[in-house]
>>> print(open('structure23.tsv').read())   # TSV, C-alpha atoms
chain	number	residue	atom	x	y	z
A	1	MET	CA	0.00	0.00	0.00
A	2	SER	CA	1.16	3.52	-0.73
A	3	GLY	CA	1.85	6.25	1.83
A	4	GLY	CA	-1.56	7.88	1.50
A	5	GLY	CA	-3.24	4.53	2.01
A	6	THR	CA	-1.23	3.84	5.16
A	7	TRP	CA	-2.08	7.22	6.66
A	8	GLY	CA	-5.71	6.70	5.73
A	9	LEU	CA	-5.68	3.33	7.48
A	10	ILE	CA	-4.20	4.89	10.61
A	11	LEU	CA	-6.87	7.60	10.57
A	12	LEU	CA	-9.60	4.98	10.06
A	13	VAL	CA	-8.42	2.83	12.95
A	14	THR	CA	-8.09	5.83	15.29
A	15	GLY	CA	-11.57	6.99	14.33
A	16	LEU	CA	-12.99	3.54	14.99
A	17	PHE	CA	-11.35	3.51	18.40
A	18	LEU	CA	-13.04	6.80	19.24
A	19	ALA	CA	-16.41	5.97	17.72
A	20	ILE	CA	-17.13	2.45	18.96
A	21	PRO	CA	-19.21	2.34	22.17
A	22	HIS	CA	-17.63	2.95	25.58
A	23	SER	CA	-17.31	6.50	24.35
A	24	THR	CA	-18.87	9.84	24.99
A	25	ARG	CA	-20.77	11.89	22.46
A	26	ARG	CA	-17.85	14.22	21.71
A	27	THR	CA	-15.37	11.45	20.93
A	28	ARG	CA	-18.00	9.80	18.74
A	29	ASN	CA	-18.30	12.91	16.57
A	30	ALA	CA	-14.53	13.23	16.32
A	31	GLY	CA	-14.34	9.51	15.51
A	32	GLY	CA	-16.86	9.89	12.69
A	33	LEU	CA	-14.80	12.72	11.19
A	34	LEU	CA	-11.60	10.69	11.44
A	35	ILE	CA	-13.27	7.62	9.88
A	36	THR	CA	-14.54	9.68	6.93
A	37	ALA	CA	-11.13	11.30	6.44
A	38	GLY	CA	-9.44	7.90	6.61
A	39	ILE	CA	-11.76	6.31	4.04
A	40	VAL	CA	-11.42	9.29	1.68
A	41	SER	CA	-7.64	9.20	1.81
A	42	ILE	CA	-7.56	5.41	1.28
A	43	LEU	CA	-9.83	5.76	-1.76
A	44	TYR	CA	-7.77	8.68	-3.09
A	45	ALA	CA	-4.59	6.63	-2.82
A	46	LEU	CA	-6.03	3.78	-4.91
A	47	PRO	CA	-4.86	3.59	-8.53
A	48	ARG	CA	-7.14	5.24	-11.08
A	49	PHE	CA	-8.93	3.19	-13.70
A	50	GLY	CA	-11.22	3.95	-16.63
A	51	PRO	CA	-12.91	7.23	-17.55
A	52	TRP	CA	-13.44	9.91	-14.92
A	53	PHE	CA	-17.17	9.32	-14.62
A	54	GLU	CA	-16.75	5.65	-13.82
A	55	GLN	CA	-14.06	6.58	-11.30
A	56	LEU	CA	-16.35	9.13	-9.67
A	57	VAL	CA	-19.21	6.63	-9.36
A	58	PHE	CA	-16.82	4.09	-7.84
A	59	TRP	CA	-15.58	6.61	-5.27
A	60	ALA	CA	-19.11	7.58	-4.26
A	61	LEU	CA	-20.28	3.96	-3.95
A	62	ALA	CA	-17.16	2.83	-2.09
A	63	LEU	CA	-17.40	5.76	0.34
A	64	LEU	CA	-21.07	4.90	0.93
A	65	THR	CA	-20.36	1.19	1.47
A	66	VAL	CA	-17.35	1.48	3.77
A	67	GLY	CA	-18.65	4.53	5.64
A	68	ALA	CA	-22.02	2.94	6.31
A	69	SER	CA	-20.31	-0.26	7.48
A	70	ALA	CA	-18.19	1.75	9.93
A	71	ALA	CA	-21.31	3.55	11.13
A	72	ALA	CA	-23.14	0.24	11.56
A	73	ILE	CA	-20.53	-1.14	13.94
A	74	SER	CA	-20.23	2.09	15.94
A	75	MET	CA	-23.92	2.84	16.52
A	76	ARG	CA	-25.16	2.19	20.03
A	77	SER	CA	-28.74	1.37	19.15
A	78	PRO	CA	-29.18	-1.93	17.24
A	79	VAL	CA	-31.97	-0.33	15.19
A	80	TYR	CA	-29.59	2.30	13.82
A	81	ALA	CA	-26.97	-0.39	13.28
A	82	ALA	CA	-29.41	-2.41	11.17
A	83	ILE	CA	-30.42	0.64	9.14
A	84	TRP	CA	-26.79	1.62	8.47
A	85	PHE	CA	-26.15	-1.98	7.45
A	86	ALA	CA	-29.00	-1.66	4.94
A	87	VAL	CA	-27.39	1.52	3.57
A	88	SER	CA	-24.08	-0.31	3.22
A	89	LEU	CA	-25.94	-3.08	1.35
A	90	LEU	CA	-27.30	-0.50	-1.10
A	91	GLY	CA	-23.73	0.67	-1.74
A	92	THR	CA	-22.60	-2.93	-2.20
A	93	ALA	CA	-25.40	-3.54	-4.70
A	94	GLY	CA	-24.27	-0.44	-6.61
A	95	LEU	CA	-20.68	-1.73	-6.69
A	96	LEU	CA	-21.89	-5.11	-8.00
A	97	VAL	CA	-23.94	-3.42	-10.73
A	98	GLN	CA	-20.88	-1.39	-11.70
A	99	GLN	CA	-19.04	-4.70	-12.13
A	100	HIS	CA	-21.69	-5.82	-14.67
A	101	ALA	CA	-23.31	-8.18	-12.16
A	102	GLN	CA	-26.79	-6.68	-12.43
A	103	PHE	CA	-28.76	-9.73	-11.31
A	104	VAL	CA	-26.55	-10.35	-8.29
A	105	GLY	CA	-26.81	-6.67	-7.33
A	106	VAL	CA	-30.59	-6.71	-7.48
A	107	ALA	CA	-30.70	-10.04	-5.61
A	108	THR	CA	-28.50	-8.55	-2.87
A	109	MET	CA	-30.84	-5.62	-2.53
A	110	VAL	CA	-34.02	-7.73	-2.51
A	111	VAL	CA	-32.85	-10.58	-0.30
A	112	TYR	CA	-30.59	-8.71	2.12
A	113	ALA	CA	-32.08	-5.26	2.43
A	114	GLY	CA	-35.62	-6.43	1.73
A	115	ALA	CA	-35.81	-9.62	3.76
A	116	ILE	CA	-32.89	-10.11	6.15
A	117	VAL	CA	-32.61	-6.56	7.49
A	118	VAL	CA	-36.39	-6.34	7.92
A	119	THR	CA	-36.33	-9.61	9.91
A	120	PHE	CA	-33.53	-8.12	12.00
A	121	LEU	CA	-35.66	-5.08	12.74
A	122	PHE	CA	-38.54	-7.35	13.75
A	123	VAL	CA	-36.33	-9.20	16.21
A	124	VAL	CA	-34.91	-5.94	17.56
A	125	MET	CA	-38.43	-4.67	18.18
A	126	LEU	CA	-39.45	-7.97	19.81
A	127	ALA	CA	-36.45	-8.07	22.07
A	128	GLN	CA	-35.68	-4.45	22.83
A	129	PRO	CA	-38.64	-2.17	23.34
A	130	GLU	CA	-36.95	1.19	23.99
A	131	GLY	CA	-33.84	2.96	25.13
A	132	HIS	CA	-30.23	1.85	25.29
A	133	GLU	CA	-29.19	-1.27	27.13
A	134	THR	CA	-26.01	-1.33	29.19
A	135	HIS	CA	-24.37	-3.72	26.77
A	136	ASP	CA	-25.08	-1.38	23.86
A	137	ARG	CA	-23.34	1.50	25.57
A	138	LEU	CA	-20.35	-0.57	26.67
A	139	SER	CA	-17.97	-2.66	24.67
A	140	TRP	CA	-15.76	-5.36	26.18
A	141	GLY	CA	-13.02	-4.50	28.68
A	142	ARG	CA	-10.49	-1.68	28.44
A	143	LEU	CA	-7.77	-3.80	26.86
A	144	ALA	CA	-10.06	-5.86	24.63
A	145	LYS	CA	-11.32	-2.97	22.49
A	146	PRO	CA	-7.94	-1.45	21.47
A	147	ALA	CA	-6.52	-4.93	20.94
A	148	SER	CA	-9.31	-6.04	18.64
A	149	ILE	CA	-9.32	-2.77	16.70
A	150	LEU	CA	-5.57	-3.07	16.27
A	151	ALA	CA	-6.04	-6.64	15.04
A	152	GLY	CA	-8.69	-5.47	12.56
A	153	GLY	CA	-6.40	-2.69	11.31
A	154	THR	CA	-3.58	-5.19	10.85
A	155	LEU	CA	-5.99	-7.42	8.91
A	156	MET	CA	-6.82	-4.46	6.62
A	157	ALA	CA	-3.13	-3.69	6.06
A	158	LEU	CA	-2.33	-7.35	5.34
A	159	LEU	CA	-5.19	-7.65	2.85
A	160	GLY	CA	-4.05	-4.43	1.17
A	161	SER	CA	-0.47	-5.58	0.81
A	162	ALA	CA	-1.54	-9.06	-0.32
A	163	CYS	CA	-3.59	-7.48	-3.10
A	164	GLY	CA	-0.42	-5.81	-4.39
A	165	ALA	CA	0.31	-8.92	-6.48
A	166	VAL	CA	-2.78	-8.09	-8.52
A	167	LEU	CA	-1.39	-4.68	-9.45
A	168	ASN	CA	1.85	-6.14	-10.81
A	169	GLY	CA	-0.15	-8.06	-13.38
A	170	ASP	CA	1.21	-11.38	-12.13
A	171	ILE	CA	-2.13	-13.14	-12.30
A	172	PRO	CA	-3.08	-14.51	-15.73
A	173	ARG	CA	-6.61	-13.75	-16.87
A	174	ALA	CA	-8.91	-16.50	-18.13
A	175	GLY	CA	-10.69	-14.18	-20.60
A	176	ASP	CA	-10.19	-10.83	-22.29
A	177	GLY	CA	-12.95	-9.09	-20.34
A	178	GLN	CA	-15.32	-8.51	-23.23
A	179	SER	CA	-18.01	-11.19	-22.92
A	180	LEU	CA	-19.33	-9.93	-19.56
A	181	LEU	CA	-19.73	-6.45	-21.04
A	182	ASP	CA	-22.49	-7.67	-23.36
A	183	ASP	CA	-25.43	-6.52	-21.26
A	184	SER	CA	-28.13	-7.67	-23.68
A	185	SER	CA	-27.82	-11.36	-22.86
A	186	GLU	CA	-26.57	-11.05	-19.29
A	187	LEU	CA	-29.50	-12.74	-17.57
A	188	ALA	CA	-29.78	-15.46	-20.23
A	189	ARG	CA	-26.13	-16.42	-19.80
A	190	LEU	CA	-26.45	-16.34	-16.02
A	191	GLY	CA	-29.49	-18.63	-16.11
A	192	ASN	CA	-27.82	-20.98	-18.57
A	193	GLU	CA	-24.79	-21.35	-16.36
A	194	LEU	CA	-26.82	-21.62	-13.17
A	195	PHE	CA	-29.09	-24.40	-14.39
A	196	SER	CA	-26.53	-26.36	-16.39
A	197	VAL	CA	-23.14	-26.24	-14.67
A	198	HIS	CA	-24.42	-25.63	-11.14
A	199	LEU	CA	-27.67	-27.62	-11.27
A	200	LEU	CA	-26.72	-29.95	-8.43
A	201	ALA	CA	-25.71	-26.99	-6.26
A	202	VAL	CA	-29.07	-25.32	-6.92
A	203	GLU	CA	-30.89	-28.44	-5.74
A	204	LEU	CA	-28.66	-28.66	-2.67
A	205	VAL	CA	-29.28	-25.01	-1.79
A	206	GLY	CA	-33.03	-25.63	-2.03
A	207	THR	CA	-32.70	-28.53	0.40
A	208	LEU	CA	-30.54	-26.37	2.66
A	209	LEU	CA	-33.23	-23.67	2.78
A	210	LEU	CA	-35.81	-26.29	3.78
A	211	VAL	CA	-33.53	-27.72	6.46
A	212	ALA	CA	-32.86	-24.24	7.84
A	213	LEU	CA	-36.60	-23.54	7.98
A	214	VAL	CA	-37.29	-26.76	9.87
A	215	GLY	CA	-34.29	-26.11	12.11
A	216	ALA	CA	-35.47	-22.61	13.03
A	217	ILE	CA	-38.91	-23.93	13.97
A	218	ALA	CA	-37.39	-26.83	15.91
A	219	LEU	CA	-35.14	-24.44	17.84
A	220	MET	CA	-38.10	-22.35	18.93
A	221	ILE	CA	-40.26	-25.34	19.96
A	222	HIS	CA	-37.42	-27.14	21.70
A	223	GLY	CA	-36.45	-24.04	23.67
A	224	ARG	CA	-40.00	-23.60	24.88
A	225	GLU	CA	-40.38	-27.26	25.93
A	226	ARG	CA	-37.19	-27.15	27.96
A	227	ARG	CA	-38.30	-24.06	29.76
A	228	ALA	CA	-41.67	-25.67	30.55
A	229	THR	CA	-40.12	-28.84	31.98
A	230	ARG	CA	-37.66	-26.81	34.04
A	231	GLU	CA	-40.47	-24.87	35.65
A	232	VAL	CA	-42.34	-28.00	36.77
A	233	PRO	CA	-40.02	-29.09	39.65
A	234	ASP	CA	-39.96	-25.52	40.96
A	235	ALA	CA	-43.74	-25.57	41.39
B	1	MET	CA	-4.60	-5.04	-19.72
B	2	PRO	CA	-3.29	-3.06	-16.74
B	3	GLU	CA	-6.57	-1.18	-16.36
B	4	ALA	CA	-8.42	-4.37	-15.44
B	5	SER	CA	-5.93	-5.26	-12.72
B	6	GLN	CA	-6.19	-1.72	-11.29
B	7	GLN	CA	-9.95	-2.04	-11.20
B	8	LEU	CA	-9.70	-5.45	-9.53
B	9	PHE	CA	-7.27	-3.98	-6.96
B	10	ASN	CA	-9.75	-1.22	-6.09
B	11	TYR	CA	-12.60	-3.66	-5.59
B	12	LEU	CA	-10.46	-6.03	-3.53
B	13	ILE	CA	-9.46	-3.16	-1.23
B	14	VAL	CA	-13.08	-2.09	-0.71
B	15	GLY	CA	-14.13	-5.69	-0.08
B	16	GLY	CA	-11.25	-6.17	2.35
B	17	LEU	CA	-12.20	-2.98	4.25
B	18	VAL	CA	-15.81	-4.12	4.63
B	19	PHE	CA	-14.66	-7.58	5.73
B	20	ALA	CA	-12.25	-6.16	8.33
B	21	LEU	CA	-14.88	-3.73	9.65
B	22	GLY	CA	-17.23	-6.69	10.09
B	23	THR	CA	-14.51	-8.58	11.97
B	24	ILE	CA	-13.89	-5.63	14.30
B	25	GLY	CA	-17.60	-5.25	14.96
B	26	PHE	CA	-18.04	-8.94	15.67
B	27	ILE	CA	-15.24	-8.91	18.24
B	28	VAL	CA	-16.00	-5.58	19.86
B	29	ARG	CA	-19.78	-5.44	20.16
B	30	ARG	CA	-21.71	-7.24	22.89
B	31	ASN	CA	-25.23	-7.15	21.50
B	32	LEU	CA	-26.16	-10.52	19.94
B	33	ILE	CA	-28.09	-8.94	17.06
B	34	VAL	CA	-25.32	-6.47	16.19
B	35	MET	CA	-22.73	-9.27	16.31
B	36	PHE	CA	-24.80	-11.22	13.84
B	37	LEU	CA	-25.16	-8.16	11.58
B	38	CYS	CA	-21.37	-7.93	11.57
B	39	ALA	CA	-21.09	-11.56	10.41
B	40	GLU	CA	-23.38	-10.66	7.49
B	41	MET	CA	-21.17	-7.65	6.77
B	42	MET	CA	-18.15	-9.96	6.44
B	43	LEU	CA	-20.10	-11.97	3.84
B	44	GLN	CA	-20.76	-8.71	1.94
B	45	GLY	CA	-17.05	-7.93	1.80
B	46	VAL	CA	-16.34	-11.38	0.37
B	47	SER	CA	-19.07	-11.01	-2.25
B	48	ILE	CA	-17.62	-7.70	-3.47
B	49	SER	CA	-14.22	-9.28	-4.04
B	50	LEU	CA	-15.71	-12.44	-5.64
B	51	VAL	CA	-17.60	-10.39	-8.21
B	52	GLY	CA	-14.42	-8.37	-8.82
B	53	TRP	CA	-12.49	-11.58	-9.58
B	54	GLY	CA	-15.30	-12.78	-11.84
B	55	ARG	CA	-15.08	-9.56	-13.83
B	56	TYR	CA	-11.29	-9.85	-14.04
B	57	HIS	CA	-11.38	-13.40	-15.39
B	58	ASP	CA	-14.43	-12.70	-17.53
B	59	ARG	CA	-16.27	-15.70	-16.11
B	60	LEU	CA	-19.63	-16.07	-14.39
B	61	GLY	CA	-18.25	-18.26	-11.59
B	62	GLY	CA	-17.83	-15.35	-9.17
B	63	GLN	CA	-21.44	-14.26	-9.58
B	64	MET	CA	-22.60	-17.86	-9.12
B	65	LEU	CA	-20.74	-18.13	-5.83
B	66	VAL	CA	-22.28	-14.85	-4.65
B	67	LEU	CA	-25.77	-16.13	-5.51
B	68	PHE	CA	-25.20	-19.26	-3.43
B	69	MET	CA	-23.73	-17.13	-0.63
B	70	ILE	CA	-26.92	-15.06	-0.55
B	71	ALA	CA	-28.97	-18.27	-0.20
B	72	VAL	CA	-26.75	-19.59	2.58
B	73	ALA	CA	-26.86	-16.18	4.32
B	74	ALA	CA	-30.65	-16.32	4.25
B	75	CYS	CA	-30.59	-19.76	5.92
B	76	GLU	CA	-28.09	-18.48	8.46
B	77	ALA	CA	-30.25	-15.46	9.23
B	78	GLY	CA	-33.31	-17.64	9.84
B	79	VAL	CA	-31.56	-20.06	12.18
B	80	ALA	CA	-29.58	-17.40	14.03
B	81	LEU	CA	-32.57	-15.15	14.60
B	82	ALA	CA	-34.57	-18.11	15.95
B	83	LEU	CA	-31.64	-18.82	18.27
B	84	ILE	CA	-31.47	-15.18	19.38
B	85	VAL	CA	-35.20	-15.06	20.12
B	86	MET	CA	-34.91	-18.30	22.11
B	87	LEU	CA	-31.93	-17.03	24.09
B	88	TYR	CA	-33.76	-13.78	24.75
B	89	GLN	CA	-36.78	-15.68	26.06
B	90	LYS	CA	-34.52	-17.59	28.44
B	91	SER	CA	-32.41	-14.71	29.70
B	92	GLY	CA	-34.32	-11.50	29.03
B	93	LYS	CA	-31.13	-9.95	27.69
B	94	LEU	CA	-29.40	-9.54	24.36
B	95	ASP	CA	-26.03	-9.32	26.09
B	96	VAL	CA	-23.59	-11.99	24.96
B	97	THR	CA	-21.71	-11.85	28.29
B	98	PHE	CA	-24.78	-13.43	29.90
B	99	TRP	CA	-23.88	-16.65	28.09
B	100	GLN	CA	-20.15	-16.68	28.79
B	101	GLY	CA	-20.55	-19.57	31.25
B	102	VAL	CA	-21.85	-21.91	28.55
B	103	ARG	CA	-19.53	-24.91	28.27
B	104	GLU	CA	-19.27	-28.65	27.71
B	105	GLU	CA	-20.27	-31.05	30.44
B	106	GLY	CA	-17.53	-31.75	32.96
B	107	ARG	CA	-15.34	-28.79	32.04
B	108	ALA	CA	-14.39	-26.06	34.45
B	109	ALA	CA	-16.27	-22.81	34.05
B	110	PHE	CA	-14.47	-19.89	32.44
B	111	VAL	CA	-16.15	-16.72	33.53
B	112	ASP	CA	-14.49	-13.44	32.63
B	113	ARG	CA	-14.92	-11.26	35.70
B	114	ASN	CA	-13.33	-8.25	34.02
B	115	VAL	CA	-16.33	-7.40	31.86
B	116	PRO	CA	-16.66	-3.67	32.43
B	117	ARG	CA	-19.47	-2.37	34.55
B	118	GLU	CA	-21.17	0.82	33.64
B	119	LEU	CA	-19.10	3.88	34.41
B	120	ASP	CA	-20.51	6.32	36.92
B	121	ARG	CA	-19.83	9.29	34.72
B	122	GLU	CA	-22.36	8.04	32.18
B	123	ASP	CA	-25.25	8.53	34.61
B	124	HIS	CA	-26.02	12.16	33.88
B	125	TRP	CA	-29.14	12.66	35.92
B	126	PRO	CA	-30.29	16.26	36.13
B	127	ARG	CA	-28.95	18.12	39.15
B	128	LEU	CA	-30.68	21.03	40.82
B	129	THR	CA	-28.71	24.21	40.59
B	130	PRO	CA	-28.90	26.60	43.51
B	131	ALA	CA	-29.37	29.66	41.31
B	132	GLY	CA	-32.80	28.55	40.14
B	133	ILE	CA	-31.78	28.32	36.49
B	134	GLU	CA	-33.20	25.46	34.47
B	135	PRO	CA	-30.53	22.72	34.39
B	136	THR	CA	-29.24	21.51	31.03
B	137	LEU	CA	-30.29	17.91	30.38
B	138	ASP	CA	-28.28	15.33	28.55
B	139	GLU	CA	-30.69	14.33	25.78
B	140	GLU	CA	-29.78	10.66	26.00
B	141	ALA	CA	-29.89	10.29	29.77
B	142	PRO	CA	-33.66	9.67	30.10
B	143	LEU	CA	-33.40	6.86	27.53
B	144	HIS	CA	-30.77	4.95	29.45
B	145	ARG	CA	-31.81	2.05	31.66
B	146	SER	CA	-29.64	-0.50	33.37
B	147	ARG	CA	-32.01	-3.48	33.07
B	148	VAL	CA	-35.15	-4.58	31.30
>>> encode(input="structure23.tsv", output="structure tokens")
Amino acid sequence: MSGGGTWGLILLVTGLFLAIPHSTRRTRNAGGLLITAGIVSILYALPRFGPWFEQLVFWALALLTVGASAAAISMRSPVYAAIWFAVSLLGTAGLLVQQHAQFVGVATMVVYAGAIVVTFLFVVMLAQPEGHETHDRLSWGRLAKPASILAGGTLMALLGSACGAVLNGDIPRAGDGQSLLDDSSELARLGNELFSVHLLAVELVGTLLLVALVGAIALMIHGRERRATREVPDA
Amino acid sequence: MPEASQQLFNYLIVGGLVFALGTIGFIVRRNLIVMFLCAEMMLQGVSISLVGWGRYHDRLGGQMLVLFMIAVAACEAGVALALIVMLYQKSGKLDVTFWQGVREEGRAAFVDRNVPRELDREDHWPRLTPAGIEPTLDEEAPLHRSRV
């Protein structure tokens, strides 16, 4: 990673340290500023590609995705965390569409933002009627938070330096990058591949969904039965 | 084409940042629901980089993997949310430290006693001022509660 990227990473990690719970309001605002500055300088240090408009769209979407992810992990209230996660999903979907993966982008938006995040909000409302719980305002112990944030920052730096091999052009490409650009038959090709090459996997995923459904119901019923039998000897 | 590798590099960096943020959140946060959201965020980071690789190699394999990941994530969300609701019914809390004593049969309990208690300075209840001026309230203080 270049110098700007390293400084951006340091800013990002410092901002996260200030913004994640176990913090006061003032340090949270300062942390948000530092996180934004860090992300912007990391993005600015990345190598340019393509025409300026495409570059601009990429910057906006990447800032939205990474910024919303950082906000999601530093919000105290789980409702806000879920909503910021949905915003980050919208950014992700935009990035996927920019990579000519239109169907996957739309599926991400529909399945994640439409179904999973809404289910999350249902559970939050079931479990947490109002206000902030103690465990939302506090993180783990004094040493645990800096240590884990440092570990996460190291992970970012390692990933960044490992990706350097891509920039050198060491990795041979399997195609010339033209066939995916043909938007007119994108869905048809996707469907062809999905139901010919990956047919067995599609069947397996269908079975997995059924098993997960049965498992979720079994978990709920089983939990209730255990609680009922435990209460009997007390009475 | 060097342009393609630069584009791939950009997407890999963004995917790696999202993945690492999810990791940090999963380790740092104590709320069960937020921890689970962070696990989903890590999946998002992986899907960004998978689609980037698919574009680089001009193959549909990356998008296929992301489609299957979405299906598996949906299964995971269903099971995990059922688990969270069940745990909440048993304990009345979403705090993961409540379950830190869970262990296999016959093993000694590991209970971390250093989990931080709430700091006194965070209880900003309104104080009466002798001058008779209306005291300034911390907006968040009335929302805080220490137990359900």
>>> residues_around(input="structure23.tsv", residues="Tyr88 of chain B", least_positions_apart="3", cutoff="12 Å", atoms="all atoms listed in the file", output="list in words")
Val123, Val124, Leu126, Ala127, Gln128, Met220, Gly223 and Arg224 of chain A; Asn31, Leu32, Ile33, Leu81, Ala82, Leu83, Ile84, Val85, Ser91, Gly92, Lys93, Leu94, Asp95, Val96, Phe98, Trp99 and Val148 of chain B
>>> atom_distance(input="structure23.tsv", atom1="atom CA of Asn192 of chain A", atom2="atom CA of Ala4 of chain B")
25.7 Å
>>> closest_residue(input="structure23.tsv", among="B:Val46, B:Leu137, B:Leu87, B:Val18", to="Ile70 of chain B", atoms="only C-alpha atoms")
B:Val46
>>> atom_distance(input="structure23.tsv", atom1="atom CA of Leu167 of chain A", atom2="atom CA of Val104 of chain A")
25.8 Å
>>> closest_residue(input="structure23.tsv", among="A:Phe85, A:Ile149, A:Ala162, A:Ala71", to="Ala39 of chain B", atoms="only C-alpha atoms")
A:Phe85
>>> residues_around(input="structure23.tsv", residues="Gly169 of chain A", least_positions_apart="6", cutoff="12 Å", atoms="all atoms listed in the file", output="PyMOL selection string")
(chain A and resi 163) or (chain B and resi 1-9+56)
>>> write_last_selection(input="structure23.tsv", atoms="C-alpha atoms", output="short mmCIF file (atom, residue, chain, number, x, y, z; two decimals), in the coordinates of the input")
data_model
loop_
_atom_site.label_atom_id
_atom_site.label_comp_id
_atom_site.auth_asym_id
_atom_site.auth_seq_id
_atom_site.Cartn_x
_atom_site.Cartn_y
_atom_site.Cartn_z
CA CYS A 163 -3.59 -7.48 -3.10
CA MET B 1 -4.60 -5.04 -19.72
CA PRO B 2 -3.29 -3.06 -16.74
CA GLU B 3 -6.57 -1.18 -16.36
CA ALA B 4 -8.42 -4.37 -15.44
CA SER B 5 -5.93 -5.26 -12.72
CA GLN B 6 -6.19 -1.72 -11.29
CA GLN B 7 -9.95 -2.04 -11.20
CA LEU B 8 -9.70 -5.45 -9.53
CA PHE B 9 -7.27 -3.98 -6.96
CA TYR B 56 -11.29 -9.85 -14.04
#
>>> closest_residue(input="structure23.tsv", among="B:Met86, B:Val66, B:Ala73, B:Met42", to="Phe19 of chain B", atoms="all atoms listed in the file")
B:Met42
>>> atom_distance(input="structure23.tsv", atom1="atom CA of Val106 of chain A", atom2="atom CA of Ala93 of chain A")
6.7 Å
>>> residues_around(input="structure23.tsv", residues="Leu96 of chain A", least_positions_apart="6", cutoff="12 Å", atoms="only C-alpha atoms", output="MDAnalysis selection string")
(chainID A and resid 58 61:62 65 89:90 102:109) or (chainID B and resid 11 14:15 44:55 62:63 66:67)
>>> write_last_selection(input="structure23.tsv", atoms="C-alpha atoms", output="PDB file, keeping the file's coordinate frame")
ATOM      1  CA  PHE A  58     -16.820   4.090  -7.840  1.00  0.00           C
ATOM      2  CA  LEU A  61     -20.280   3.960  -3.950  1.00  0.00           C
ATOM      3  CA  ALA A  62     -17.160   2.830  -2.090  1.00  0.00           C
ATOM      4  CA  THR A  65     -20.360   1.190   1.470  1.00  0.00           C
ATOM      5  CA  LEU A  89     -25.940  -3.080   1.350  1.00  0.00           C
ATOM      6  CA  LEU A  90     -27.300  -0.500  -1.100  1.00  0.00           C
ATOM      7  CA  GLN A 102     -26.790  -6.680 -12.430  1.00  0.00           C
ATOM      8  CA  PHE A 103     -28.760  -9.730 -11.310  1.00  0.00           C
ATOM      9  CA  VAL A 104     -26.550 -10.350  -8.290  1.00  0.00           C
ATOM     10  CA  GLY A 105     -26.810  -6.670  -7.330  1.00  0.00           C
ATOM     11  CA  VAL A 106     -30.590  -6.710  -7.480  1.00  0.00           C
ATOM     12  CA  ALA A 107     -30.700 -10.040  -5.610  1.00  0.00           C
ATOM     13  CA  THR A 108     -28.500  -8.550  -2.870  1.00  0.00           C
ATOM     14  CA  MET A 109     -30.840  -5.620  -2.530  1.00  0.00           C
TER      15      MET A 109
ATOM     16  CA  TYR B  11     -12.600  -3.660  -5.590  1.00  0.00           C
ATOM     17  CA  VAL B  14     -13.080  -2.090  -0.710  1.00  0.00           C
ATOM     18  CA  GLY B  15     -14.130  -5.690  -0.080  1.00  0.00           C
ATOM     19  CA  GLN B  44     -20.760  -8.710   1.940  1.00  0.00           C
ATOM     20  CA  GLY B  45     -17.050  -7.930   1.800  1.00  0.00           C
ATOM     21  CA  VAL B  46     -16.340 -11.380   0.370  1.00  0.00           C
ATOM     22  CA  SER B  47     -19.070 -11.010  -2.250  1.00  0.00           C
ATOM     23  CA  ILE B  48     -17.620  -7.700  -3.470  1.00  0.00           C
ATOM     24  CA  SER B  49     -14.220  -9.280  -4.040  1.00  0.00           C
ATOM     25  CA  LEU B  50     -15.710 -12.440  -5.640  1.00  0.00           C
ATOM     26  CA  VAL B  51     -17.600 -10.390  -8.210  1.00  0.00           C
ATOM     27  CA  GLY B  52     -14.420  -8.370  -8.820  1.00  0.00           C
ATOM     28  CA  TRP B  53     -12.490 -11.580  -9.580  1.00  0.00           C
ATOM     29  CA  GLY B  54     -15.300 -12.780 -11.840  1.00  0.00           C
ATOM     30  CA  ARG B  55     -15.080  -9.560 -13.830  1.00  0.00           C
ATOM     31  CA  GLY B  62     -17.830 -15.350  -9.170  1.00  0.00           C
ATOM     32  CA  GLN B  63     -21.440 -14.260  -9.580  1.00  0.00           C
ATOM     33  CA  VAL B  66     -22.280 -14.850  -4.650  1.00  0.00           C
ATOM     34  CA  LEU B  67     -25.770 -16.130  -5.510  1.00  0.00           C
TER      35      LEU B  67
END
>>> closest_residue(input="structure23.tsv", among="A:Thr14, A:Thr27, A:Ser41, A:Thr154", to="chain B", atoms="only C-alpha atoms")
A:Thr154
>>> residues_around(input="structure23.tsv", residues="Leu16 of chain A", least_positions_apart="3", cutoff="9 Å", atoms="only C-alpha atoms", output="PyMOL selection string")
chain A and resi 11-13+19-20+28+31-32+34-35+70+73-74+149
>>> residues_around(input="structure23.tsv", residues="Ala20 of chain B", least_positions_apart="6", cutoff="8 Å", atoms="only C-alpha atoms", output="list in words")
Gly152, Gly153, Leu155 and Met156 of chain A; Met42 of chain B
>>> closest_residue(input="structure23.tsv", among="A:Leu56, A:Leu63, A:Val110, A:Val166", to="chain B", atoms="all atoms listed in the file")
A:Val166
